[in-house]
Amino acid sequence: MSVHKNNLKRVTTHSLLEMKMNGEKISMLTAYDFSLAKIVDQAGIDVILVGDSASNVMAGHETTLPITLDQMIYHASSVIRAVERALVVVDLPFGSFQGNSKEALNSSIRIMKESGAHAVKLEGGKEVAESVQRILSAGIPVMGHLGLMPQSIYKYGTYTVRAKEEEEAKKLMEDAKLLEQLGCFAIVLEKIPAKLAEKVAKEIKIPVIGIGAGSGVDGQVLVLHDMLGISYEFRPRFLRTYLNLHEDIKNAIGKYVVDVKTSDFPNENEQYK
Ligand code: KIV
């Protein structure tokens, strides 16, 4: 960890590796805006992911496909301005890296230069190896993402658990080893059987961060709006909700509406003499 100007020890890709070696679990959450990223950082999270799930929870799209590189850079810049301690990783959105490795590098450079982020994440294994290599050769840390890859939703047609069959599990293990070999600093495993995720975490040295991948991995990630109960309709088995903010915010706003309508707000103390 490097020391930040406010004496906070910044989380780096190296500190994540140390955490894995010391058996300390890594905590990771998404954030997309300044205000919530500040709270998430101050709460002590290790990694903040500016995920392309912004396409769902911020923009209301059904999938992660529509979000653009410019929009990801906007979200990432807002998060970076708030964060003092966490490592900030930004998703390469759909269409910004699949074309060729040069495009992948250019997109990554734009994210790093224009937002000030610390690393990028991209979905895929063998098929994106050349891109991963090229991004890494420019000194940009890369986090991999295997298992359920929401950018490929139209290839599979469902968001069900991945790698249940032997052949897919074998490919996932090979891809994880390849990403490690190429030099990725960590891998996200999404929605795969817990036993397989644990096996991957045991067989590679870099941290494996799970979402719907059980407890045998090196850390956990959730989408902030899901765990806070804001996106209340999304309740998969793997999700633990810590608040019911959808109801709480709705109730608070309902009270405000009543207070305004009944002229209860503002009162004597809430106005200037
Ligand atoms: O975009 C995202 O939020 C993600 C997490 C689900 C890991 O990729």
# chains A, B, ... in the order shown; residues from 1 in each chain; ligands from 1
$ residues_around --residues "range 86-91 of chain A" --least-positions-apart "6" --cutoff "10 Å" --atoms "only C-alpha atoms" --output "CSV table (one decimal) with C-alpha atoms, in the first residue's frame"
chain,number,residue,atom,x,y,z
A,8,LEU,CA,-4.4,7.0,4.4
A,9,LYS,CA,-2.8,3.9,3.0
A,10,ARG,CA,-4.0,3.5,-0.6
A,11,VAL,CA,-5.0,0.1,-1.7
A,12,THR,CA,-2.9,-1.0,-4.7
A,13,THR,CA,-2.8,-4.1,-6.9
A,15,SER,CA,-1.8,-4.9,-1.5
A,16,LEU,CA,-4.5,-7.1,-3.0
A,27,SER,CA,-14.0,-6.4,-0.1
A,28,MET,CA,-15.2,-4.8,-3.4
A,30,THR,CA,-19.5,-0.9,-7.3
A,31,ALA,CA,-20.0,2.9,-7.4
A,32,TYR,CA,-20.8,5.2,-10.2
A,37,ALA,CA,-18.3,6.6,-3.8
A,40,VAL,CA,-18.2,3.6,0.1
A,41,ASP,CA,-14.5,4.7,0.4
A,42,GLN,CA,-14.9,6.1,3.9
A,44,GLY,CA,-13.3,1.0,4.3
A,45,ILE,CA,-13.9,-0.9,1.1
A,46,ASP,CA,-10.7,-2.2,-0.6
A,47,VAL,CA,-11.8,-2.0,-4.3
A,48,ILE,CA,-14.4,0.2,-6.0
A,49,LEU,CA,-15.6,-1.1,-9.4
A,50,VAL,CA,-17.0,1.4,-11.8
A,51,GLY,CA,-19.0,-1.4,-13.4
A,52,ASP,CA,-20.8,-1.3,-16.7
A,53,SER,CA,-23.7,-2.3,-14.5
A,54,ALA,CA,-24.1,1.5,-14.5
A,69,LEU,CA,-16.9,4.5,-23.3
A,72,MET,CA,-18.0,5.1,-18.3
A,73,ILE,CA,-15.4,7.8,-18.3
A,75,HIS,CA,-18.9,7.8,-14.1
A,76,ALA,CA,-15.2,6.9,-13.4
A,79,VAL,CA,-15.9,8.3,-8.5
A,80,ILE,CA,-12.2,9.1,-8.7
A,108,SER,CA,-8.0,1.7,-21.7
A,111,ILE,CA,-10.1,5.6,-19.2
A,112,MET,CA,-6.8,6.0,-17.3
A,115,SER,CA,-10.8,9.6,-15.4
A,116,GLY,CA,-7.6,9.0,-13.4
A,117,ALA,CA,-8.7,5.4,-12.6
A,118,HIS,CA,-6.2,2.9,-11.4
A,119,ALA,CA,-7.0,-0.2,-13.5
A,120,VAL,CA,-9.4,-1.6,-16.0
A,121,LYS,CA,-11.5,-4.8,-16.1
A,122,LEU,CA,-12.7,-6.7,-19.1
A,123,GLU,CA,-14.8,-9.8,-19.8
A,141,PRO,CA,-3.3,-3.1,-14.6
A,142,VAL,CA,-6.0,-5.5,-15.8
A,143,MET,CA,-8.6,-7.4,-13.9
A,144,GLY,CA,-10.2,-10.3,-15.7
A,145,HIS,CA,-13.9,-11.4,-15.6
$ residues_around --residues "range 205-211 of chain A" --least-positions-apart "6" --cutoff "7 Å" --atoms "only C-alpha atoms" --output "VMD selection string"
chain A and resid 16 to 17 20 180 185 to 191 217 to 222
$ residues_around --residues "Ile249 in chain A" --least-positions-apart "6" --cutoff "12 Å" --atoms "only C-alpha atoms" --output "PDB file with N, CA, C and O atoms, in the first residue's frame"
ATOM      1  N   LEU A 228     -27.821  -2.423  -1.229  1.00  0.00           N
ATOM      2  CA  LEU A 228     -28.495  -1.391  -0.429  1.00  0.00           C
ATOM      3  C   LEU A 228     -30.024  -1.468  -0.576  1.00  0.00           C
ATOM      4  O   LEU A 228     -30.742  -0.693   0.044  1.00  0.00           O
ATOM      5  N   GLY A 229     -30.495  -2.379  -1.439  1.00  0.00           N
ATOM      6  CA  GLY A 229     -31.944  -2.539  -1.609  1.00  0.00           C
ATOM      7  C   GLY A 229     -32.565  -1.392  -2.385  1.00  0.00           C
ATOM      8  O   GLY A 229     -33.739  -1.079  -2.199  1.00  0.00           O
ATOM      9  N   ILE A 230     -31.780  -0.745  -3.242  1.00  0.00           N
ATOM     10  CA  ILE A 230     -32.350   0.324  -4.095  1.00  0.00           C
ATOM     11  C   ILE A 230     -33.007  -0.325  -5.310  1.00  0.00           C
ATOM     12  O   ILE A 230     -34.144  -0.031  -5.655  1.00  0.00           O
ATOM     13  N   SER A 231     -32.263  -1.254  -5.961  1.00  0.00           N
ATOM     14  CA  SER A 231     -32.822  -1.982  -7.109  1.00  0.00           C
ATOM     15  C   SER A 231     -33.585  -3.184  -6.547  1.00  0.00           C
ATOM     16  O   SER A 231     -33.114  -4.300  -6.589  1.00  0.00           O
ATOM     17  N   TYR A 232     -34.764  -2.903  -5.988  1.00  0.00           N
ATOM     18  CA  TYR A 232     -35.470  -3.877  -5.148  1.00  0.00           C
ATOM     19  C   TYR A 232     -36.039  -5.067  -5.910  1.00  0.00           C
ATOM     20  O   TYR A 232     -36.362  -6.098  -5.321  1.00  0.00           O
ATOM     21  N   LEU A 243     -29.766  -3.123   3.439  1.00  0.00           N
ATOM     22  CA  LEU A 243     -30.737  -2.064   3.711  1.00  0.00           C
ATOM     23  C   LEU A 243     -31.918  -2.279   2.773  1.00  0.00           C
ATOM     24  O   LEU A 243     -31.824  -3.040   1.805  1.00  0.00           O
ATOM     25  N   LYS A 255     -43.258  11.542   2.815  1.00  0.00           N
ATOM     26  CA  LYS A 255     -43.457  12.465   3.948  1.00  0.00           C
ATOM     27  C   LYS A 255     -43.212  13.901   3.517  1.00  0.00           C
ATOM     28  O   LYS A 255     -43.939  14.820   3.908  1.00  0.00           O
ATOM     29  N   TYR A 256     -42.180  14.114   2.715  1.00  0.00           N
ATOM     30  CA  TYR A 256     -41.857  15.457   2.216  1.00  0.00           C
ATOM     31  C   TYR A 256     -43.030  16.013   1.399  1.00  0.00           C
ATOM     32  O   TYR A 256     -43.430  17.163   1.575  1.00  0.00           O
TER      33      TYR A 256
END
$ closest_residue --among "A:Met19, A:Leu245, A:Cys184, A:Ile192" --to "Ile204 in chain A" --atoms "only C-alpha atoms"
A:Cys184
$ atom_distance --atom1 "CA of Gln133 in chain A" --atom2 "CA of Leu105 in chain A"
9.4 Å
$ select_by_dssp --residues "range 10-216 of chain A" --states "strand (DSSP E)" --output "PyMOL selection string"
chain A and resi 10+26-30+47-50+87-91+119-123+142-147+186-190+208-211
$ closest_residue --among "A:Glu167, A:Asp70, A:Asp226, A:Glu18" --to "ligand 1" --atoms "only C-alpha atoms and all ligand atoms"
A:Asp226
$ select_by_dssp --residues "range 91-231 of chain A" --states "alpha helix (DSSP H)" --output "PyMOL selection string"
chain A and resi 101-115+129-137+153-156+166-182+194-203+224-227
